[in-house]
file input-v7.pdb (PDB, C-alpha atoms)
MODEL        1
ATOM      1  CA  MET A  28     -91.389 -50.139-111.544  1.00  0.00           C
ATOM      2  CA  ASN A  29     -88.105 -50.762-113.298  1.00  0.00           C
ATOM      3  CA  PRO A  30     -85.785 -47.773-113.473  1.00  0.00           C
ATOM      4  CA  THR A  31     -85.289 -46.347-116.919  1.00  0.00           C
ATOM      5  CA  ALA A  32     -82.305 -44.540-118.321  1.00  0.00           C
ATOM      6  CA  THR A  33     -83.952 -41.246-117.539  1.00  0.00           C
ATOM      7  CA  ASP A  34     -85.056 -41.826-113.981  1.00  0.00           C
ATOM      8  CA  GLN A  35     -81.948 -43.555-112.611  1.00  0.00           C
ATOM      9  CA  THR A  36     -80.156 -41.746-109.864  1.00  0.00           C
ATOM     10  CA  PRO A  37     -76.360 -42.095-109.498  1.00  0.00           C
ATOM     11  CA  SER A  38     -76.958 -44.668-106.767  1.00  0.00           C
ATOM     12  CA  GLU A  39     -79.063 -46.922-109.009  1.00  0.00           C
ATOM     13  CA  HIS A  40     -77.992 -48.963-111.983  1.00  0.00           C
ATOM     14  CA  PRO A  41     -79.571 -51.655-114.133  1.00  0.00           C
ATOM     15  CA  ARG A  42     -79.481 -55.072-112.555  1.00  0.00           C
ATOM     16  CA  SER A  43     -78.989 -58.352-114.326  1.00  0.00           C
ATOM     17  CA  ASP A  44     -81.008 -60.486-111.944  1.00  0.00           C
ATOM     18  CA  THR A  45     -84.713 -60.418-111.277  1.00  0.00           C
ATOM     19  CA  SER A  46     -84.493 -59.780-107.540  1.00  0.00           C
ATOM     20  CA  ARG A  47     -84.784 -56.149-106.601  1.00  0.00           C
ATOM     21  CA  ALA A  48     -82.680 -54.441-103.997  1.00  0.00           C
ATOM     22  CA  ALA A  49     -83.631 -51.108-102.548  1.00  0.00           C
ATOM     23  CA  PRO A  50     -82.330 -48.113-104.497  1.00  0.00           C
ATOM     24  CA  GLY A  51     -78.732 -47.498-103.552  1.00  0.00           C
ATOM     25  CA  SER A  52     -78.155 -51.044-102.306  1.00  0.00           C
ATOM     26  CA  PHE A  53     -76.710 -54.025-104.137  1.00  0.00           C
ATOM     27  CA  ALA A  54     -77.500 -57.682-103.837  1.00  0.00           C
ATOM     28  CA  GLU A  55     -74.824 -60.247-103.058  1.00  0.00           C
ATOM     29  CA  GLY A  56     -72.883 -61.077-106.201  1.00  0.00           C
ATOM     30  CA  ASP A  57     -73.411 -57.694-107.802  1.00  0.00           C
ATOM     31  CA  VAL A  58     -70.372 -55.629-108.627  1.00  0.00           C
ATOM     32  CA  HIS A  59     -70.873 -52.001-107.762  1.00  0.00           C
ATOM     33  CA  PRO A  60     -69.756 -49.806-110.644  1.00  0.00           C
ATOM     34  CA  ALA A  61     -67.581 -47.786-108.253  1.00  0.00           C
ATOM     35  CA  TYR A  62     -65.296 -50.806-107.755  1.00  0.00           C
ATOM     36  CA  ASP A  63     -62.554 -51.621-110.242  1.00  0.00           C
ATOM     37  CA  SER A  64     -61.358 -55.091-111.246  1.00  0.00           C
ATOM     38  CA  ALA A  65     -58.957 -55.176-108.271  1.00  0.00           C
ATOM     39  CA  GLY A  66     -61.830 -54.493-105.879  1.00  0.00           C
ATOM     40  CA  VAL A  67     -60.761 -50.921-105.169  1.00  0.00           C
ATOM     41  CA  ASP A  68     -63.537 -48.423-104.459  1.00  0.00           C
ATOM     42  CA  ARG A  69     -62.672 -45.705-106.968  1.00  0.00           C
ATOM     43  CA  SER A  70     -65.389 -43.408-105.590  1.00  0.00           C
ATOM     44  CA  LEU A  71     -63.509 -43.327-102.276  1.00  0.00           C
ATOM     45  CA  ILE A  72     -60.303 -42.363-104.074  1.00  0.00           C
ATOM     46  CA  ARG A  73     -62.098 -39.638-106.026  1.00  0.00           C
ATOM     47  CA  TRP A  74     -63.523 -38.321-102.769  1.00  0.00           C
ATOM     48  CA  MET A  75     -60.056 -38.310-101.151  1.00  0.00           C
ATOM     49  CA  LEU A  76     -58.635 -36.490-104.167  1.00  0.00           C
ATOM     50  CA  SER A  77     -61.336 -33.825-103.846  1.00  0.00           C
ATOM     51  CA  LEU A  78     -59.961 -32.914-100.396  1.00  0.00           C
ATOM     52  CA  THR A  79     -56.978 -30.722 -99.618  1.00  0.00           C
ATOM     53  CA  PRO A  80     -53.974 -32.367 -97.899  1.00  0.00           C
ATOM     54  CA  SER A  81     -55.049 -30.687 -94.630  1.00  0.00           C
ATOM     55  CA  GLU A  82     -58.552 -32.131 -94.956  1.00  0.00           C
ATOM     56  CA  ARG A  83     -57.140 -35.597 -95.697  1.00  0.00           C
ATOM     57  CA  LEU A  84     -54.961 -35.376 -92.602  1.00  0.00           C
ATOM     58  CA  ARG A  85     -57.930 -34.230 -90.503  1.00  0.00           C
ATOM     59  CA  HIS A  86     -59.898 -37.221 -91.749  1.00  0.00           C
ATOM     60  CA  VAL A  87     -57.200 -39.752 -90.897  1.00  0.00           C
ATOM     61  CA  GLN A  88     -56.613 -38.044 -87.539  1.00  0.00           C
ATOM     62  CA  GLY A  89     -60.311 -38.434 -86.782  1.00  0.00           C
ATOM     63  CA  THR A  90     -60.030 -42.158 -87.443  1.00  0.00           C
ATOM     64  CA  ILE A  91     -56.934 -42.443 -85.257  1.00  0.00           C
ATOM     65  CA  ASP A  92     -58.659 -40.566 -82.426  1.00  0.00           C
ATOM     66  CA  LEU A  93     -61.720 -42.797 -82.699  1.00  0.00           C
ATOM     67  CA  VAL A  94     -59.621 -45.976 -82.516  1.00  0.00           C
ATOM     68  CA  ARG A  95     -57.717 -44.577 -79.525  1.00  0.00           C
ATOM     69  CA  ASP A  96     -60.947 -43.662 -77.721  1.00  0.00           C
ATOM     70  CA  VAL A  97     -62.469 -47.103 -78.351  1.00  0.00           C
ATOM     71  CA  ARG A  98     -59.314 -48.800 -77.050  1.00  0.00           C
ATOM     72  CA  ARG A  99     -59.540 -46.757 -73.862  1.00  0.00           C
ATOM     73  CA  MET A 100     -63.138 -47.802 -73.208  1.00  0.00           C
ATOM     74  CA  PRO A 101     -63.794 -50.447 -70.557  1.00  0.00           C
ATOM     75  CA  ASN A 102     -64.356 -53.794 -72.313  1.00  0.00           C
ATOM     76  CA  GLY A 103     -68.065 -53.820 -71.503  1.00  0.00           C
ATOM     77  CA  ASN A 104     -68.645 -50.579 -73.404  1.00  0.00           C
ATOM     78  CA  ARG A 105     -67.025 -51.702 -76.682  1.00  0.00           C
TER      79      ARG A 105
ATOM     80  CA  MET B  15     -54.161 -32.181 -84.496  1.00  0.00           C
ATOM     81  CA  ALA B  16     -51.553 -34.721 -83.383  1.00  0.00           C
ATOM     82  CA  ILE B  17     -49.900 -35.727 -86.659  1.00  0.00           C
ATOM     83  CA  ALA B  18     -49.923 -32.137 -87.851  1.00  0.00           C
ATOM     84  CA  SER B  19     -48.248 -31.024 -84.648  1.00  0.00           C
ATOM     85  CA  ILE B  20     -45.411 -33.524 -85.150  1.00  0.00           C
ATOM     86  CA  ILE B  21     -44.886 -32.177 -88.658  1.00  0.00           C
ATOM     87  CA  GLN B  22     -45.121 -28.578 -87.451  1.00  0.00           C
ATOM     88  CA  THR B  23     -42.517 -29.210 -84.738  1.00  0.00           C
ATOM     89  CA  LEU B  24     -40.097 -30.801 -87.225  1.00  0.00           C
ATOM     90  CA  VAL B  25     -40.597 -27.888 -89.627  1.00  0.00           C
ATOM     91  CA  ALA B  26     -40.216 -25.323 -86.836  1.00  0.00           C
ATOM     92  CA  HIS B  27     -36.810 -26.826 -86.044  1.00  0.00           C
ATOM     93  CA  ASP B  28     -35.808 -26.766 -89.747  1.00  0.00           C
ATOM     94  CA  VAL B  29     -35.399 -30.535 -89.799  1.00  0.00           C
ATOM     95  CA  GLU B  30     -34.738 -31.878 -93.287  1.00  0.00           C
ATOM     96  CA  PHE B  31     -37.115 -34.811 -93.718  1.00  0.00           C
ATOM     97  CA  ILE B  32     -39.425 -36.512 -96.199  1.00  0.00           C
ATOM     98  CA  VAL B  33     -42.739 -38.071 -95.163  1.00  0.00           C
ATOM     99  CA  VAL B  34     -42.896 -41.624 -96.512  1.00  0.00           C
ATOM    100  CA  GLY B  35     -45.141 -44.668 -95.985  1.00  0.00           C
ATOM    101  CA  GLY B  36     -48.867 -44.686 -95.351  1.00  0.00           C
ATOM    102  CA  MET B  37     -49.124 -41.042 -94.283  1.00  0.00           C
ATOM    103  CA  ALA B  38     -47.443 -39.911 -97.508  1.00  0.00           C
ATOM    104  CA  ALA B  39     -50.047 -41.964 -99.364  1.00  0.00           C
ATOM    105  CA  VAL B  40     -52.947 -40.446 -97.384  1.00  0.00           C
ATOM    106  CA  LEU B  41     -51.683 -36.894 -97.870  1.00  0.00           C
ATOM    107  CA  GLN B  42     -51.679 -37.482-101.621  1.00  0.00           C
ATOM    108  CA  GLY B  43     -55.201 -38.883-101.670  1.00  0.00           C
ATOM    109  CA  ALA B  44     -54.831 -42.656-101.285  1.00  0.00           C
ATOM    110  CA  PRO B  45     -57.549 -44.102 -99.000  1.00  0.00           C
ATOM    111  CA  VAL B  46     -55.207 -46.171 -96.832  1.00  0.00           C
ATOM    112  CA  HIS B  47     -55.360 -46.714 -93.084  1.00  0.00           C
ATOM    113  CA  THR B  48     -52.381 -45.714 -91.007  1.00  0.00           C
ATOM    114  CA  ILE B  49     -51.837 -44.477 -87.498  1.00  0.00           C
ATOM    115  CA  ASP B  50     -48.222 -43.415 -87.486  1.00  0.00           C
ATOM    116  CA  LEU B  51     -45.968 -40.970 -89.268  1.00  0.00           C
ATOM    117  CA  ASP B  52     -42.878 -42.287 -91.074  1.00  0.00           C
ATOM    118  CA  ILE B  53     -40.111 -39.905 -92.026  1.00  0.00           C
ATOM    119  CA  VAL B  54     -36.699 -40.307 -93.669  1.00  0.00           C
ATOM    120  CA  TYR B  55     -34.308 -37.671 -92.355  1.00  0.00           C
ATOM    121  CA  ALA B  56     -31.022 -36.246 -93.599  1.00  0.00           C
ATOM    122  CA  LEU B  57     -27.999 -37.716 -91.845  1.00  0.00           C
ATOM    123  CA  SER B  58     -25.915 -34.518 -91.853  1.00  0.00           C
ATOM    124  CA  GLU B  59     -24.495 -33.527 -88.467  1.00  0.00           C
ATOM    125  CA  SER B  60     -26.461 -30.259 -88.376  1.00  0.00           C
ATOM    126  CA  ASN B  61     -29.740 -31.998 -89.221  1.00  0.00           C
ATOM    127  CA  ILE B  62     -29.186 -34.615 -86.519  1.00  0.00           C
ATOM    128  CA  VAL B  63     -28.800 -31.785 -83.996  1.00  0.00           C
ATOM    129  CA  ARG B  64     -32.034 -30.130 -85.173  1.00  0.00           C
ATOM    130  CA  LEU B  65     -33.886 -33.456 -85.190  1.00  0.00           C
ATOM    131  CA  GLU B  66     -32.749 -34.239 -81.664  1.00  0.00           C
ATOM    132  CA  LEU B  67     -34.070 -30.868 -80.467  1.00  0.00           C
ATOM    133  CA  ALA B  68     -37.404 -31.419 -82.211  1.00  0.00           C
ATOM    134  CA  LEU B  69     -37.737 -34.911 -80.749  1.00  0.00           C
ATOM    135  CA  THR B  70     -36.945 -33.584 -77.274  1.00  0.00           C
ATOM    136  CA  GLU B  71     -39.727 -31.012 -77.661  1.00  0.00           C
ATOM    137  CA  LEU B  72     -42.069 -33.814 -78.755  1.00  0.00           C
ATOM    138  CA  GLY B  73     -41.092 -35.928 -75.733  1.00  0.00           C
ATOM    139  CA  ALA B  74     -40.005 -38.792 -77.992  1.00  0.00           C
ATOM    140  CA  VAL B  75     -38.960 -42.120 -76.480  1.00  0.00           C
ATOM    141  CA  PHE B  76     -38.367 -45.512 -78.068  1.00  0.00           C
ATOM    142  CA  ARG B  77     -41.655 -47.382 -78.371  1.00  0.00           C
ATOM    143  CA  ASP B  78     -42.049 -50.702 -76.593  1.00  0.00           C
ATOM    144  CA  ASP B  79     -39.044 -50.056 -74.357  1.00  0.00           C
ATOM    145  CA  PRO B  80     -40.101 -49.809 -70.715  1.00  0.00           C
ATOM    146  CA  ARG B  81     -36.960 -47.819 -69.909  1.00  0.00           C
ATOM    147  CA  ARG B  82     -38.442 -44.865 -71.868  1.00  0.00           C
ATOM    148  CA  ILE B  83     -35.131 -44.042 -73.539  1.00  0.00           C
ATOM    149  CA  ALA B  84     -35.044 -40.801 -75.478  1.00  0.00           C
ATOM    150  CA  PRO B  85     -33.233 -40.975 -78.825  1.00  0.00           C
ATOM    151  CA  ASN B  86     -29.859 -39.219 -78.632  1.00  0.00           C
ATOM    152  CA  ARG B  87     -27.475 -38.004 -81.301  1.00  0.00           C
ATOM    153  CA  SER B  88     -25.721 -41.356 -81.472  1.00  0.00           C
ATOM    154  CA  HIS B  89     -29.013 -43.210 -82.011  1.00  0.00           C
ATOM    155  CA  LEU B  90     -30.018 -40.780 -84.743  1.00  0.00           C
ATOM    156  CA  GLN B  91     -26.690 -41.165 -86.549  1.00  0.00           C
ATOM    157  CA  SER B  92     -27.216 -44.924 -86.820  1.00  0.00           C
ATOM    158  CA  ARG B  93     -28.821 -46.394 -89.912  1.00  0.00           C
ATOM    159  CA  GLY B  94     -31.467 -48.387 -88.064  1.00  0.00           C
ATOM    160  CA  HIS B  95     -35.134 -47.453 -87.830  1.00  0.00           C
ATOM    161  CA  LYS B  96     -36.051 -45.465 -84.749  1.00  0.00           C
ATOM    162  CA  LEU B  97     -39.592 -46.439 -83.750  1.00  0.00           C
ATOM    163  CA  LEU B  98     -40.640 -43.676 -81.390  1.00  0.00           C
ATOM    164  CA  GLN B  99     -43.610 -42.630 -79.296  1.00  0.00           C
ATOM    165  CA  THR B 100     -44.095 -38.889 -78.928  1.00  0.00           C
ATOM    166  CA  THR B 101     -46.607 -36.919 -76.887  1.00  0.00           C
ATOM    167  CA  ALA B 102     -48.414 -36.284 -80.193  1.00  0.00           C
ATOM    168  CA  GLY B 103     -48.403 -39.898 -81.406  1.00  0.00           C
ATOM    169  CA  PRO B 104     -46.165 -42.554 -82.965  1.00  0.00           C
ATOM    170  CA  LEU B 105     -43.281 -41.433 -85.167  1.00  0.00           C
ATOM    171  CA  ASP B 106     -40.955 -43.722 -87.108  1.00  0.00           C
ATOM    172  CA  ALA B 107     -37.731 -41.842 -87.796  1.00  0.00           C
ATOM    173  CA  LEU B 108     -35.872 -43.662 -90.541  1.00  0.00           C
ATOM    174  CA  ALA B 109     -32.284 -42.938 -91.538  1.00  0.00           C
ATOM    175  CA  THR B 110     -32.673 -45.043 -94.677  1.00  0.00           C
ATOM    176  CA  ILE B 111     -35.290 -47.147 -96.436  1.00  0.00           C
ATOM    177  CA  GLU B 112     -35.022 -49.990 -98.954  1.00  0.00           C
ATOM    178  CA  ALA B 113     -31.393 -51.089 -99.374  1.00  0.00           C
ATOM    179  CA  ASN B 114     -29.716 -48.042 -97.847  1.00  0.00           C
ATOM    180  CA  THR B 115     -31.690 -45.370 -99.729  1.00  0.00           C
ATOM    181  CA  THR B 116     -31.077 -42.029 -98.027  1.00  0.00           C
ATOM    182  CA  PHE B 117     -32.889 -38.695 -97.732  1.00  0.00           C
ATOM    183  CA  GLU B 118     -30.714 -37.276-100.514  1.00  0.00           C
ATOM    184  CA  ASP B 119     -31.513 -40.247-102.778  1.00  0.00           C
ATOM    185  CA  LEU B 120     -35.261 -39.661-102.284  1.00  0.00           C
ATOM    186  CA  LEU B 121     -35.239 -35.871-102.722  1.00  0.00           C
ATOM    187  CA  PRO B 122     -35.701 -35.921-106.530  1.00  0.00           C
ATOM    188  CA  ASP B 123     -38.802 -38.092-106.038  1.00  0.00           C
ATOM    189  CA  SER B 124     -40.437 -35.896-103.425  1.00  0.00           C
ATOM    190  CA  ASP B 125     -42.966 -33.088-103.662  1.00  0.00           C
ATOM    191  CA  TRP B 126     -43.732 -30.119-101.406  1.00  0.00           C
ATOM    192  CA  LEU B 127     -46.945 -30.093 -99.382  1.00  0.00           C
ATOM    193  CA  GLU B 128     -48.318 -27.631 -96.882  1.00  0.00           C
ATOM    194  CA  ILE B 129     -50.338 -28.529 -93.796  1.00  0.00           C
ATOM    195  CA  GLU B 130     -51.537 -25.975 -91.253  1.00  0.00           C
ATOM    196  CA  GLY B 131     -48.889 -23.504 -92.423  1.00  0.00           C
ATOM    197  CA  ALA B 132     -46.018 -26.010 -92.341  1.00  0.00           C
ATOM    198  CA  ARG B 133     -44.301 -26.744 -95.669  1.00  0.00           C
ATOM    199  CA  PHE B 134     -42.557 -30.094 -96.000  1.00  0.00           C
ATOM    200  CA  LYS B 135     -41.615 -32.836 -98.447  1.00  0.00           C
ATOM    201  CA  VAL B 136     -43.550 -36.049 -99.135  1.00  0.00           C
ATOM    202  CA  LEU B 137     -42.415 -38.986-101.220  1.00  0.00           C
ATOM    203  CA  SER B 138     -44.254 -39.037-104.555  1.00  0.00           C
ATOM    204  CA  LEU B 139     -46.910 -41.669-105.213  1.00  0.00           C
ATOM    205  CA  GLU B 140     -44.828 -43.031-108.107  1.00  0.00           C
ATOM    206  CA  ARG B 141     -41.824 -43.585-105.820  1.00  0.00           C
ATOM    207  CA  LEU B 142     -43.999 -44.969-103.007  1.00  0.00           C
ATOM    208  CA  ILE B 143     -45.221 -47.577-105.470  1.00  0.00           C
ATOM    209  CA  VAL B 144     -41.616 -48.537-106.322  1.00  0.00           C
ATOM    210  CA  VAL B 145     -40.835 -48.866-102.601  1.00  0.00           C
ATOM    211  CA  LYS B 146     -43.873 -51.048-101.950  1.00  0.00           C
ATOM    212  CA  GLU B 147     -43.194 -53.224-105.009  1.00  0.00           C
ATOM    213  CA  GLN B 148     -39.935 -54.291-103.374  1.00  0.00           C
ATOM    214  CA  LEU B 149     -41.659 -55.401-100.181  1.00  0.00           C
ATOM    215  CA  ASN B 150     -43.532 -58.664 -99.976  1.00  0.00           C
ATOM    216  CA  ARG B 151     -45.374 -58.121 -96.735  1.00  0.00           C
ATOM    217  CA  PRO B 152     -49.153 -58.533 -97.077  1.00  0.00           C
ATOM    218  CA  LYS B 153     -49.810 -55.009 -95.766  1.00  0.00           C
ATOM    219  CA  ASP B 154     -47.528 -53.530 -98.437  1.00  0.00           C
ATOM    220  CA  GLN B 155     -49.169 -55.558-101.189  1.00  0.00           C
ATOM    221  CA  ALA B 156     -52.602 -54.393-100.008  1.00  0.00           C
ATOM    222  CA  MET B 157     -51.473 -50.763-100.031  1.00  0.00           C
ATOM    223  CA  LEU B 158     -49.892 -51.200-103.459  1.00  0.00           C
ATOM    224  CA  VAL B 159     -53.293 -51.861-105.051  1.00  0.00           C
ATOM    225  CA  LEU B 160     -54.663 -48.626-103.572  1.00  0.00           C
ATOM    226  CA  LEU B 161     -51.585 -46.605-104.548  1.00  0.00           C
ATOM    227  CA  ARG B 162     -51.782 -47.751-108.159  1.00  0.00           C
ATOM    228  CA  ALA B 163     -55.495 -46.961-108.338  1.00  0.00           C
ATOM    229  CA  THR B 164     -54.930 -43.507-106.807  1.00  0.00           C
ATOM    230  CA  LEU B 165     -52.150 -42.732-109.275  1.00  0.00           C
ATOM    231  CA  ASP B 166     -54.412 -43.882-112.102  1.00  0.00           C
ATOM    232  CA  GLU B 167     -57.192 -41.533-110.931  1.00  0.00           C
ATOM    233  CA  LEU B 168     -54.717 -38.663-110.667  1.00  0.00           C
ATOM    234  CA  GLN B 169     -53.418 -39.291-114.170  1.00  0.00           C
ATOM    235  CA  LYS B 170     -56.982 -39.325-115.519  1.00  0.00           C
ATOM    236  CA  ARG B 171     -57.498 -35.879-114.005  1.00  0.00           C
ATOM    237  CA  GLY B 172     -54.432 -34.512-115.767  1.00  0.00           C
ATOM    238  CA  PRO B 173     -52.150 -31.753-114.486  1.00  0.00           C
TER     239      PRO B 173
ENDMDL
END

call {"tool": "encode", "arguments": {"input": "input-v7.pdb", "output": "structure tokens"}}
result
Amino acid sequence: MNPTATDQTPSEHPRSDTSRAAPGSFAEGDVHPAYDSAGVDRSLIRWMLSLTPSERLRHVQGTIDLVRDVRRMPNGNR
Amino acid sequence: MAIASIIQTLVAHDVEFIVVGGMAAVLQGAPVHTIDLDIVYALSESNIVRLELALTELGAVFRDDPRRIAPNRSHLQSRGHKLLQTTAGPLDALATIEANTTFEDLLPDSDWLEIEGARFKVLSLERLIVVKEQLNRPKDQAMLVLLRATLDELQKRGP
């Protein structure tokens, strides 16, 4: 069943090709509406802007900690 | 939290500094990846003394130098970049950026932020963009795209 204007969820959008991807996924060659012409994921920026500076710092610290922990793992566990 | 504790230590010692670079971008909502904290500090004699005390508390030594040399007052007075490793993570202490742009030069283009009770200055997104536009390194060009998009989203939101 093709999605209509009324039953689309935010993760679905009309597709120009005939192949169907699962709701929320996009086939190769599609441009997700969240991306701008420079390839920047604007939804990620809007999410970052919804956070407080402390929350943004916590997020980046989490990434740093993860990278550090992975680097400390024995090679076989990576 | 490691980065926060570096900032809190600098603030606790009344160090005059501005957060610049990738962390300034992250704090203002740009989705960039960075693992270190870059600051530009005031070169006044009193600030150098306070910075030295803060860096001592943080156990700072020059990165990539096996001699584990701690930055002293003379190092901090020099205009070069001090790439340091602290017990809380990497810290780049910069006396100047661009072509000799100092802390005082950047002050009008900085905004106050507060993290975990510590209030400090960060370089504005607009000024960060100007800084990155002058650099031709691939990593700066990649960040520039994200900074411009973040500023655009902020401007759409209005004040």

call {"tool": "closest_residue", "arguments": {"input": "input-v7.pdb", "among": "B:Val144, B:Glu118, B:His27, B:Leu69", "to": "Ala102 of chain B", "atoms": "only C-alpha atoms"}}
result
B:Leu69

call {"tool": "atom_distance", "arguments": {"input": "input-v7.pdb", "atom1": "atom CA of Gln42 of chain B", "atom2": "atom CA of Leu139 of chain B"}}
result
7.3 Å

call {"tool": "residues_near_point", "arguments": {"input": "input-v7.pdb", "point": "(-44.8, -47.5, -92.6)", "cutoff": "9 Å", "atoms": "only C-alpha atoms", "output": "PyMOL selection string"}}
result
chain B and resi 34-37+48+50-53+106+154

call {"tool": "residues_around", "arguments": {"input": "input-v7.pdb", "residues": "Ala68 of chain B", "least_positions_apart": "6", "cutoff": "8 Å", "atoms": "only C-alpha atoms", "output": "MDAnalysis selection string"}}
result
chainID B and resid 23:24 27 29

call {"tool": "closest_atom_pairs", "arguments": {"input": "input-v7.pdb", "of": "chain B", "to": "chain A", "cutoff": "7 Å", "atoms": "only C-alpha atoms", "output": "tab-separated table"}}
result
residue	atom	partner	partner_atom	distance
B:Val40	CA	A:Arg83	CA	6.6
B:Leu41	CA	A:Pro80	CA	5.1
B:Gln42	CA	A:Pro80	CA	6.7
B:Gly43	CA	A:Leu76	CA	4.9
B:Ala44	CA	A:Ile72	CA	6.1
B:Pro45	CA	A:Ile72	CA	6.0
B:Ile49	CA	A:Ile91	CA	5.9
B:Ile129	CA	A:Ser81	CA	5.2
B:Glu130	CA	A:Ser81	CA	6.8
B:Leu160	CA	A:Val67	CA	6.7
B:Thr164	CA	A:Ile72	CA	6.1

call {"tool": "atom_distance", "arguments": {"input": "input-v7.pdb", "atom1": "atom CA of Leu65 of chain B", "atom2": "atom CA of Gln148 of chain B"}}
result
28.3 Å

call {"tool": "residues_around", "arguments": {"input": "input-v7.pdb", "residues": "segment 93-99 of chain B", "least_positions_apart": "6", "cutoff": "6 Å", "atoms": "all atoms listed in the file", "output": "list of chain:residue names"}}
result
B:Ala74, B:Val75, B:Phe76, B:Arg77, B:Leu105, B:Asp106, B:Ala107, B:Leu108, B:Ala109

call {"tool": "write_last_selection", "arguments": {"input": "input-v7.pdb", "atoms": "C-alpha atoms", "output": "tab-separated table (two decimals), keeping the file's coordinate frame"}}
result
chain	number	residue	atom	x	y	z
B	74	ALA	CA	-40.01	-38.79	-77.99
B	75	VAL	CA	-38.96	-42.12	-76.48
B	76	PHE	CA	-38.37	-45.51	-78.07
B	77	ARG	CA	-41.66	-47.38	-78.37
B	105	LEU	CA	-43.28	-41.43	-85.17
B	106	ASP	CA	-40.96	-43.72	-87.11
B	107	ALA	CA	-37.73	-41.84	-87.80
B	108	LEU	CA	-35.87	-43.66	-90.54
B	109	ALA	CA	-32.28	-42.94	-91.54

call {"tool": "atom_distance", "arguments": {"input": "input-v7.pdb", "atom1": "atom CA of Arg87 of chain B", "atom2": "atom CA of Leu67 of chain B"}}
result
9.8 Å

call {"tool": "resolve_selection", "arguments": {"input": "input-v7.pdb", "expression": "the PyMOL selection byres ((chain B and resi 112) around 9)", "output": "list of chain:residue names"}}
result
B:Thr110, B:Ile111, B:Ala113, B:Asn114, B:Thr115, B:Thr116, B:Val145, B:Gln148, B:Leu149

call {"tool": "closest_residue", "arguments": {"input": "input-v7.pdb", "among": "B:Leu127, B:Ala56, B:Ile83, B:Ala39", "to": "Leu142 of chain B", "atoms": "all atoms listed in the file"}}
result
B:Ala39

call {"tool": "resolve_selection", "arguments": {"input": "input-v7.pdb", "expression": "the PyMOL selection byres ((chain B and resi 135) around 12)", "output": "PDB file with C-alpha atoms, in the frame of the given file"}}
result
ATOM      1  CA  ILE B  21     -44.886 -32.177 -88.658  1.00  0.00           C
ATOM      2  CA  LEU B  24     -40.097 -30.801 -87.225  1.00  0.00           C
ATOM      3  CA  VAL B  25     -40.597 -27.888 -89.627  1.00  0.00           C
ATOM      4  CA  VAL B  29     -35.399 -30.535 -89.799  1.00  0.00           C
ATOM      5  CA  GLU B  30     -34.738 -31.878 -93.287  1.00  0.00           C
ATOM      6  CA  PHE B  31     -37.115 -34.811 -93.718  1.00  0.00           C
ATOM      7  CA  ILE B  32     -39.425 -36.512 -96.199  1.00  0.00           C
ATOM      8  CA  VAL B  33     -42.739 -38.071 -95.163  1.00  0.00           C
ATOM      9  CA  VAL B  34     -42.896 -41.624 -96.512  1.00  0.00           C
ATOM     10  CA  MET B  37     -49.124 -41.042 -94.283  1.00  0.00           C
ATOM     11  CA  ALA B  38     -47.443 -39.911 -97.508  1.00  0.00           C
ATOM     12  CA  LEU B  41     -51.683 -36.894 -97.870  1.00  0.00           C
ATOM     13  CA  GLN B  42     -51.679 -37.482-101.621  1.00  0.00           C
ATOM     14  CA  ILE B  53     -40.111 -39.905 -92.026  1.00  0.00           C
ATOM     15  CA  VAL B  54     -36.699 -40.307 -93.669  1.00  0.00           C
ATOM     16  CA  TYR B  55     -34.308 -37.671 -92.355  1.00  0.00           C
ATOM     17  CA  PHE B 117     -32.889 -38.695 -97.732  1.00  0.00           C
ATOM     18  CA  GLU B 118     -30.714 -37.276-100.514  1.00  0.00           C
ATOM     19  CA  LEU B 120     -35.261 -39.661-102.284  1.00  0.00           C
ATOM     20  CA  LEU B 121     -35.239 -35.871-102.722  1.00  0.00           C
ATOM     21  CA  PRO B 122     -35.701 -35.921-106.530  1.00  0.00           C
ATOM     22  CA  ASP B 123     -38.802 -38.092-106.038  1.00  0.00           C
ATOM     23  CA  SER B 124     -40.437 -35.896-103.425  1.00  0.00           C
ATOM     24  CA  ASP B 125     -42.966 -33.088-103.662  1.00  0.00           C
ATOM     25  CA  TRP B 126     -43.732 -30.119-101.406  1.00  0.00           C
ATOM     26  CA  LEU B 127     -46.945 -30.093 -99.382  1.00  0.00           C
ATOM     27  CA  GLU B 128     -48.318 -27.631 -96.882  1.00  0.00           C
ATOM     28  CA  ILE B 129     -50.338 -28.529 -93.796  1.00  0.00           C
ATOM     29  CA  ALA B 132     -46.018 -26.010 -92.341  1.00  0.00           C
ATOM     30  CA  ARG B 133     -44.301 -26.744 -95.669  1.00  0.00           C
ATOM     31  CA  PHE B 134     -42.557 -30.094 -96.000  1.00  0.00           C
ATOM     32  CA  VAL B 136     -43.550 -36.049 -99.135  1.00  0.00           C
ATOM     33  CA  LEU B 137     -42.415 -38.986-101.220  1.00  0.00           C
ATOM     34  CA  SER B 138     -44.254 -39.037-104.555  1.00  0.00           C
TER      35      SER B 138
END

call {"tool": "closest_residue", "arguments": {"input": "input-v7.pdb", "among": "B:Asp79, B:Glu59, B:Thr70, B:Gln155", "to": "Ser92 of chain B", "atoms": "all atoms listed in the file"}}
result
B:Glu59

call {"tool": "residues_around", "arguments": {"input": "input-v7.pdb", "residues": "Ala156 of chain B", "least_positions_apart": "4", "cutoff": "10 Å", "atoms": "all atoms listed in the file", "output": "ChimeraX atom specification"}}
result
/B:46,146,151-152,160-161
